[in-house]
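Comments concern the structure below.
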Amino acid sequence: MRKIEKRAVLCLIIALALIAGLGLFCFRFVTNAADWAAYPYNRHMYSNSGQLLSGTILDRDGDVLTEVKDGERVYYPDATVRRATVHAVGDGSGYIGTGALTAFADRLSGYNLITGGYSPLGSGRNLTLTLDAYLNVTAYNAMDGRQGTVGVYNYKTGDILCMVSTPSFDPENPPAASEAQDGIYLNRFLSSAQVPGSIFKTVTLTAALENLPDLKDRTFTCTGETTVGGTVITCPKPHGKMDIASAFANSCNGVFGALAAELGGDTMTKYVEQAGLTRRMSVDGIMTAAGHYDVSEADKGQIGWSGVGQYTDTVNPCNMMTYMGAIANGGTAAVPRLILDITTPSGIPTSWQRTEETDTLVQASTASQVKEMMKNNVAQTYGTDRFRGLDIGAKSGTAEVGGDKRPNAWFAGFLDDPEHPYAFIVLVENGGGGASVAGEIAATVLQACVDKF
Ligand SMILES: [Zn+2]
């Protein structure tokens with residue numbers, strides 16, 4: 001009798017395990033089936049060379065960036081357009097993991113649980129990106145063979161209008177793996193984290209404005225060398241006497257290093273985290289790289305250097321651009337997005353794309369003060385002539401990257417223009433001076449944005 005009882009219990013355990021397993025499978029089937037079907041080894045959806053055999057990707061004007069013709073995936077006829085958009089569109093081999101052909105493969109194939117990959121309304125989906133191919137080409141040409149990234153987005157709607165990463169390649173004629181330039185498959189805008197240098201002073205400024213009540217009454221003096229906790233923080237030249245707005249416009253390392261040390265590591269960390277710079281962010285499901293800010297082991301001098309965007313600081317360009325949008329937009333901004341809409345080939349919408357809002361990245365009253373100071377930077381330092389007709393606020397950065405490499409050139413900011421609510425980021429790796437090199441690219445691309453839209 002005991003034997004039978006034991007066996008009955010065993011049977012019951014096996015039956016329960018079976019039911020649990022079946023339940024888990026059903027759950028995972030419903031939630032993951034589209035991903036499974038989009039797996040590149042699925043020969044129903046991919047050619048032998050690994051090309052996704054359904055789905056068309058368009059830019060926001062309706063220019064077809066890639067489609068399937070006679071069983072082959074083809075790309076835009078012009079090679080420069082292909083090179084300028086390849087990191088957004090993706091490549092046939094799927095080397096660019098964040099490219100739409102890979103990242104949005106499930107949405108391009110139109111896979112669903114009822115009919116699978118087959119659709120009575122036509123094969124695949126038309127996925128329209130928020131990007132404008134012409135702006136991408138403008139940015140790509142402005143980069144002029146240098147390495148880096150350019151991003152522009154609408155901080156009200158989230159639409160990324162321009163997203164270029166260089167070096168690039170032609171997806172029609174991809175380089176052999178052995179000849180591929182270093183970092184060619186990396187979308188620097190979404191997937192890199194880099195030393196920010198002085199664009200990071202915007203974060204230090206927000207912390208100082210909120211925690212040092214007398215900040216605006218202070219007068220600072222820079223002799224070119226400022227000692228912070230026994231460490232000498234240097235400026236390219238003596239900046240002399242100035243208030244906080246001028247120290248920001250002059251990008252005085254001494255002032256911002258001393259402010260960061262005075263605020264302390266915990267306060268600085270709190271503001272960097274609030275700014276969203278140490279978090280990954282989802283851009284239609286593509287996760288950006290997280291930046292880095294860690295002063296837990298730092299002495300006063302190192303906290304000083306961290307406050308001017310050096311030490312071990314890194315930021316992701318897309319997250320930094322979003323933070324710029326929040327400064328312009330009262331403390332929050334639309335989360336960047338790449339998908340404008342998805343329809344069947346006959347134009348019936350199959351998904352609902354909506355604008356999402358970030359958390360509060362900066363307190364509203366602080367955001368408006370930083371915004372005014374960033375506009376003052378252009379008036380006082382960068383020159384309004386270079387940005388004719390643009391109501392622009394910006395911060396440049398010239399980030400030391402170590403060794404004998406030239407510094408990274410950054411230019412980040414926004415347009416304070418209800419008709420053109422754009423935030424932007426430009427990075428030229430080893431490019432030299434931020435305001436001159438990256439600022440010029442920003443001016444060219446923003447002018448094109450405003451002229452076009
Ligand atoms: Zn200085």
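Chain lettering (A, B, ...) mirrors the order of the structure tokens, residue numbering begins at 1 for each chain separately, and ligand numbering begins at 1 in order of display.
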
Could you list the protein, DNA and RNA residues that have any atom within 7 Å of ligand 1, counting only C-alpha atoms and all ligand atoms, and write them as a ChimeraX atom specification? /A:222-224,235,237-239,252-255

Selection to disk with N, CA, C and O atoms, as a PDB file, in the first residue's frame:
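Written out: result-v9.pdb:
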```pdb
ATOM      1  N   CYS A 222      40.417  83.172 -11.780  1.00  0.00           N
ATOM      2  CA  CYS A 222      41.194  82.059 -12.337  1.00  0.00           C
ATOM      3  C   CYS A 222      42.549  82.576 -12.807  1.00  0.00           C
ATOM      4  O   CYS A 222      42.629  83.500 -13.603  1.00  0.00           O
ATOM      5  N   THR A 223      43.592  81.950 -12.261  1.00  0.00           N
ATOM      6  CA  THR A 223      44.953  82.323 -12.671  1.00  0.00           C
ATOM      7  C   THR A 223      45.498  81.338 -13.706  1.00  0.00           C
ATOM      8  O   THR A 223      46.649  81.434 -14.123  1.00  0.00           O
ATOM      9  N   GLY A 224      44.644  80.380 -14.092  1.00  0.00           N
ATOM     10  CA  GLY A 224      45.100  79.335 -15.020  1.00  0.00           C
ATOM     11  C   GLY A 224      45.428  78.043 -14.298  1.00  0.00           C
ATOM     12  O   GLY A 224      45.503  76.981 -14.906  1.00  0.00           O
ATOM     13  N   CYS A 235      43.665  75.355 -16.489  1.00  0.00           N
ATOM     14  CA  CYS A 235      42.876  75.898 -17.587  1.00  0.00           C
ATOM     15  C   CYS A 235      43.837  76.195 -18.736  1.00  0.00           C
ATOM     16  O   CYS A 235      45.030  76.405 -18.505  1.00  0.00           O
ATOM     17  N   LYS A 237      44.183  78.840 -20.258  1.00  0.00           N
ATOM     18  CA  LYS A 237      44.739  80.188 -20.039  1.00  0.00           C
ATOM     19  C   LYS A 237      44.086  80.758 -18.786  1.00  0.00           C
ATOM     20  O   LYS A 237      43.050  80.249 -18.346  1.00  0.00           O
ATOM     21  N   PRO A 238      44.680  81.805 -18.168  1.00  0.00           N
ATOM     22  CA  PRO A 238      44.022  82.433 -17.013  1.00  0.00           C
ATOM     23  C   PRO A 238      42.727  83.115 -17.459  1.00  0.00           C
ATOM     24  O   PRO A 238      42.738  83.880 -18.426  1.00  0.00           O
ATOM     25  N   HIS A 239      41.613  82.795 -16.767  1.00  0.00           N
ATOM     26  CA  HIS A 239      40.324  83.377 -17.163  1.00  0.00           C
ATOM     27  C   HIS A 239      40.025  84.669 -16.416  1.00  0.00           C
ATOM     28  O   HIS A 239      39.050  85.349 -16.721  1.00  0.00           O
ATOM     29  N   CYS A 252      35.640  77.392 -17.433  1.00  0.00           N
ATOM     30  CA  CYS A 252      36.784  77.417 -16.529  1.00  0.00           C
ATOM     31  C   CYS A 252      36.869  76.125 -15.704  1.00  0.00           C
ATOM     32  O   CYS A 252      36.002  75.845 -14.870  1.00  0.00           O
ATOM     33  N   ASN A 253      37.916  75.360 -15.954  1.00  0.00           N
ATOM     34  CA  ASN A 253      38.112  74.107 -15.204  1.00  0.00           C
ATOM     35  C   ASN A 253      38.303  74.366 -13.718  1.00  0.00           C
ATOM     36  O   ASN A 253      37.805  73.619 -12.873  1.00  0.00           O
ATOM     37  N   GLY A 254      39.050  75.429 -13.407  1.00  0.00           N
ATOM     38  CA  GLY A 254      39.349  75.744 -12.010  1.00  0.00           C
ATOM     39  C   GLY A 254      38.074  75.970 -11.216  1.00  0.00           C
ATOM     40  O   GLY A 254      37.888  75.389 -10.133  1.00  0.00           O
ATOM     41  N   VAL A 255      37.172  76.788 -11.753  1.00  0.00           N
ATOM     42  CA  VAL A 255      35.922  77.091 -11.050  1.00  0.00           C
ATOM     43  C   VAL A 255      35.069  75.834 -10.901  1.00  0.00           C
ATOM     44  O   VAL A 255      34.590  75.504  -9.802  1.00  0.00           O
TER      45      VAL A 255
END
```

Would you please give, as a list of chain:residue names, all residues of stretch 247-329 of chain A that DSSP assigns to strand (DSSP E) based on the backbone? A:Ser282, A:Val283, A:Ile286, A:Met287

So that I can check the secondary structure, give me every residue of stretch 9-213 of chain A assigned helix (DSSP H, G or I) by backbone DSSP, as JSON, numbers by chain. {"A": [9, 10, 11, 12, 13, 14, 15, 16, 17, 18, 19, 20, 21, 22, 23, 24, 25, 26, 27, 28, 29, 30, 31, 32, 33, 34, 35, 36, 37, 79, 80, 81, 82, 83, 84, 85, 86, 87, 88, 89, 100, 101, 102, 103, 105, 106, 107, 108, 109, 133, 134, 135, 136, 137, 138, 139, 140, 141, 142, 143, 177, 178, 179, 188, 189, 190, 191, 197, 198, 199, 200, 201, 202, 203, 204, 205, 206, 207, 208, 209, 210, 211]}

Atom CA of A:Gly158 to atom CA of A:Leu338 measures 8.3 Å

Find the residues around stretch 373-376 of chain A up to 7 Å (only C-alpha atoms counted), leave out those fewer than 4 positions away in its own chain, and share them as a list of chain:residue names. A:Ala245, A:Gln369, A:Gln380, A:Ile392, A:Gly393, A:Ala394, A:Lys395

Within 9 Å of stretch 258-272 of chain A, counting only C-alpha atoms, which residues qualify if same-chain residues fewer than 5 places away don't, as a PyMOL selection string? chain A and resi 203-208+211-212+226-229+233+253+277-278+293-296+298-308+361-362

Got time to write the residues from that selection, N, CA, C and O atoms, as a tab-separated table (two decimals), in the first residue's frame?
```tsv
chain	number	residue	atom	x	y	z
A	203	VAL	N	26.04	69.47	-15.81
A	203	VAL	CA	25.56	68.71	-14.66
A	203	VAL	C	26.08	69.33	-13.36
A	203	VAL	O	25.33	69.54	-12.40
A	204	THR	N	27.38	69.64	-13.34
A	204	THR	CA	27.97	70.28	-12.16
A	204	THR	C	27.26	71.60	-11.87
A	204	THR	O	27.00	71.93	-10.71
A	205	LEU	N	26.91	72.32	-12.93
A	205	LEU	CA	26.22	73.60	-12.77
A	205	LEU	C	24.84	73.40	-12.10
A	205	LEU	O	24.48	74.16	-11.21
A	206	THR	N	24.09	72.37	-12.51
A	206	THR	CA	22.77	72.15	-11.90
A	206	THR	C	22.94	71.85	-10.41
A	206	THR	O	22.18	72.37	-9.58
A	207	ALA	N	23.92	71.04	-10.05
A	207	ALA	CA	24.16	70.70	-8.65
A	207	ALA	C	24.53	71.95	-7.86
A	207	ALA	O	24.05	72.16	-6.74
A	208	ALA	N	25.38	72.79	-8.45
A	208	ALA	CA	25.83	74.01	-7.75
A	208	ALA	C	24.67	75.00	-7.58
A	208	ALA	O	24.51	75.59	-6.51
A	211	ASN	N	22.46	73.74	-4.69
A	211	ASN	CA	23.04	73.48	-3.36
A	211	ASN	C	23.88	74.61	-2.80
A	211	ASN	O	24.25	74.57	-1.62
A	212	LEU	N	24.23	75.59	-3.60
A	212	LEU	CA	25.05	76.71	-3.13
A	212	LEU	C	24.24	78.00	-3.33
A	212	LEU	O	24.28	78.60	-4.41
A	226	THR	N	44.32	76.12	-10.52
A	226	THR	CA	43.55	76.17	-9.28
A	226	THR	C	43.86	74.90	-8.49
A	226	THR	O	43.77	73.80	-9.03
A	227	THR	N	44.24	75.08	-7.23
A	227	THR	CA	44.54	73.91	-6.41
A	227	THR	C	43.28	73.44	-5.69
A	227	THR	O	42.66	74.21	-4.97
A	228	VAL	N	42.92	72.20	-5.94
A	228	VAL	CA	41.73	71.61	-5.31
A	228	VAL	C	42.19	70.36	-4.56
A	228	VAL	O	42.59	69.37	-5.18
A	229	GLY	N	42.12	70.43	-3.22
A	229	GLY	CA	42.53	69.29	-2.40
A	229	GLY	C	43.94	68.81	-2.70
A	229	GLY	O	44.18	67.61	-2.76
A	233	ILE	N	44.33	71.88	-10.81
A	233	ILE	CA	43.45	71.79	-11.97
A	233	ILE	C	43.75	72.96	-12.88
A	233	ILE	O	43.76	74.12	-12.45
A	253	ASN	N	37.92	75.36	-15.95
A	253	ASN	CA	38.11	74.11	-15.20
A	253	ASN	C	38.30	74.37	-13.72
A	253	ASN	O	37.81	73.62	-12.87
A	277	LEU	N	22.35	60.00	-16.85
A	277	LEU	CA	23.58	59.75	-17.62
A	277	LEU	C	24.26	58.43	-17.25
A	277	LEU	O	25.15	57.99	-17.96
A	278	THR	N	23.84	57.82	-16.15
A	278	THR	CA	24.46	56.54	-15.78
A	278	THR	C	23.53	55.37	-16.05
A	278	THR	O	23.87	54.23	-15.75
A	293	TYR	N	29.91	57.19	-13.78
A	293	TYR	CA	30.36	58.23	-12.85
A	293	TYR	C	30.54	57.58	-11.49
A	293	TYR	O	29.56	57.17	-10.87
A	294	ASP	N	31.77	57.45	-11.04
A	294	ASP	CA	32.02	56.77	-9.77
A	294	ASP	C	33.15	57.50	-9.05
A	294	ASP	O	34.31	57.44	-9.44
A	295	VAL	N	32.77	58.21	-7.98
A	295	VAL	CA	33.77	58.94	-7.20
A	295	VAL	C	33.88	58.35	-5.79
A	295	VAL	O	34.34	59.02	-4.87
A	296	SER	N	33.44	57.09	-5.65
A	296	SER	CA	33.43	56.47	-4.32
A	296	SER	C	34.84	56.34	-3.74
A	296	SER	O	35.03	56.35	-2.53
A	298	ALA	N	37.35	58.40	-4.84
A	298	ALA	CA	38.08	59.58	-5.30
A	298	ALA	C	38.45	60.51	-4.15
A	298	ALA	O	37.70	60.66	-3.19
A	299	ASP	N	39.63	61.14	-4.26
A	299	ASP	CA	39.98	62.21	-3.31
A	299	ASP	C	39.39	63.52	-3.84
A	299	ASP	O	38.78	63.57	-4.90
A	300	LYS	N	39.62	64.60	-3.09
A	300	LYS	CA	39.01	65.89	-3.44
A	300	LYS	C	39.40	66.37	-4.83
A	300	LYS	O	38.58	66.86	-5.60
A	301	GLY	N	40.68	66.20	-5.14
A	301	GLY	CA	41.17	66.63	-6.45
A	301	GLY	C	40.52	65.84	-7.58
A	301	GLY	O	40.17	66.39	-8.63
A	302	GLN	N	40.36	64.54	-7.34
A	302	GLN	CA	39.72	63.70	-8.37
A	302	GLN	C	38.24	64.04	-8.54
A	302	GLN	O	37.72	64.02	-9.66
A	303	ILE	N	37.57	64.35	-7.41
A	303	ILE	CA	36.17	64.81	-7.53
A	303	ILE	C	36.14	66.09	-8.35
A	303	ILE	O	35.26	66.30	-9.19
A	304	GLY	N	37.15	66.95	-8.13
A	304	GLY	CA	37.27	68.17	-8.92
A	304	GLY	C	37.35	67.86	-10.42
A	304	GLY	O	36.58	68.39	-11.22
A	305	TRP	N	38.24	66.96	-10.79
A	305	TRP	CA	38.37	66.58	-12.21
A	305	TRP	C	37.09	65.92	-12.72
A	305	TRP	O	36.71	66.09	-13.88
A	306	SER	N	36.40	65.16	-11.85
A	306	SER	CA	35.15	64.52	-12.29
A	306	SER	C	34.09	65.56	-12.63
A	306	SER	O	33.25	65.36	-13.49
A	307	GLY	N	34.15	66.71	-11.93
A	307	GLY	CA	33.17	67.77	-12.16
A	307	GLY	C	33.39	68.53	-13.46
A	307	GLY	O	32.51	69.26	-13.92
A	308	VAL	N	34.56	68.34	-14.08
A	308	VAL	CA	34.79	68.95	-15.39
A	308	VAL	C	34.79	67.87	-16.48
A	308	VAL	O	35.29	68.07	-17.59
A	361	LEU	N	14.71	65.11	-15.22
A	361	LEU	CA	16.17	65.00	-15.28
A	361	LEU	C	16.84	66.20	-14.61
A	361	LEU	O	17.99	66.11	-14.17
A	362	VAL	N	16.11	67.31	-14.58
A	362	VAL	CA	16.56	68.54	-13.91
A	362	VAL	C	15.32	69.20	-13.32
A	362	VAL	O	14.26	69.16	-13.95
```

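For A:Asn250, the residues within 8 Å (counting only C-alpha atoms, excluding itself and residues fewer than 4 positions away along the chain) are His239, Ser246, Asn377 and Thr381 of chain A.
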
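When only C-alpha atoms are used to measure the gap to A:Ile96, the shortest distance among A:Val401, A:Ile441, A:Ile286, A:Leu131 belongs to A:Ile286.
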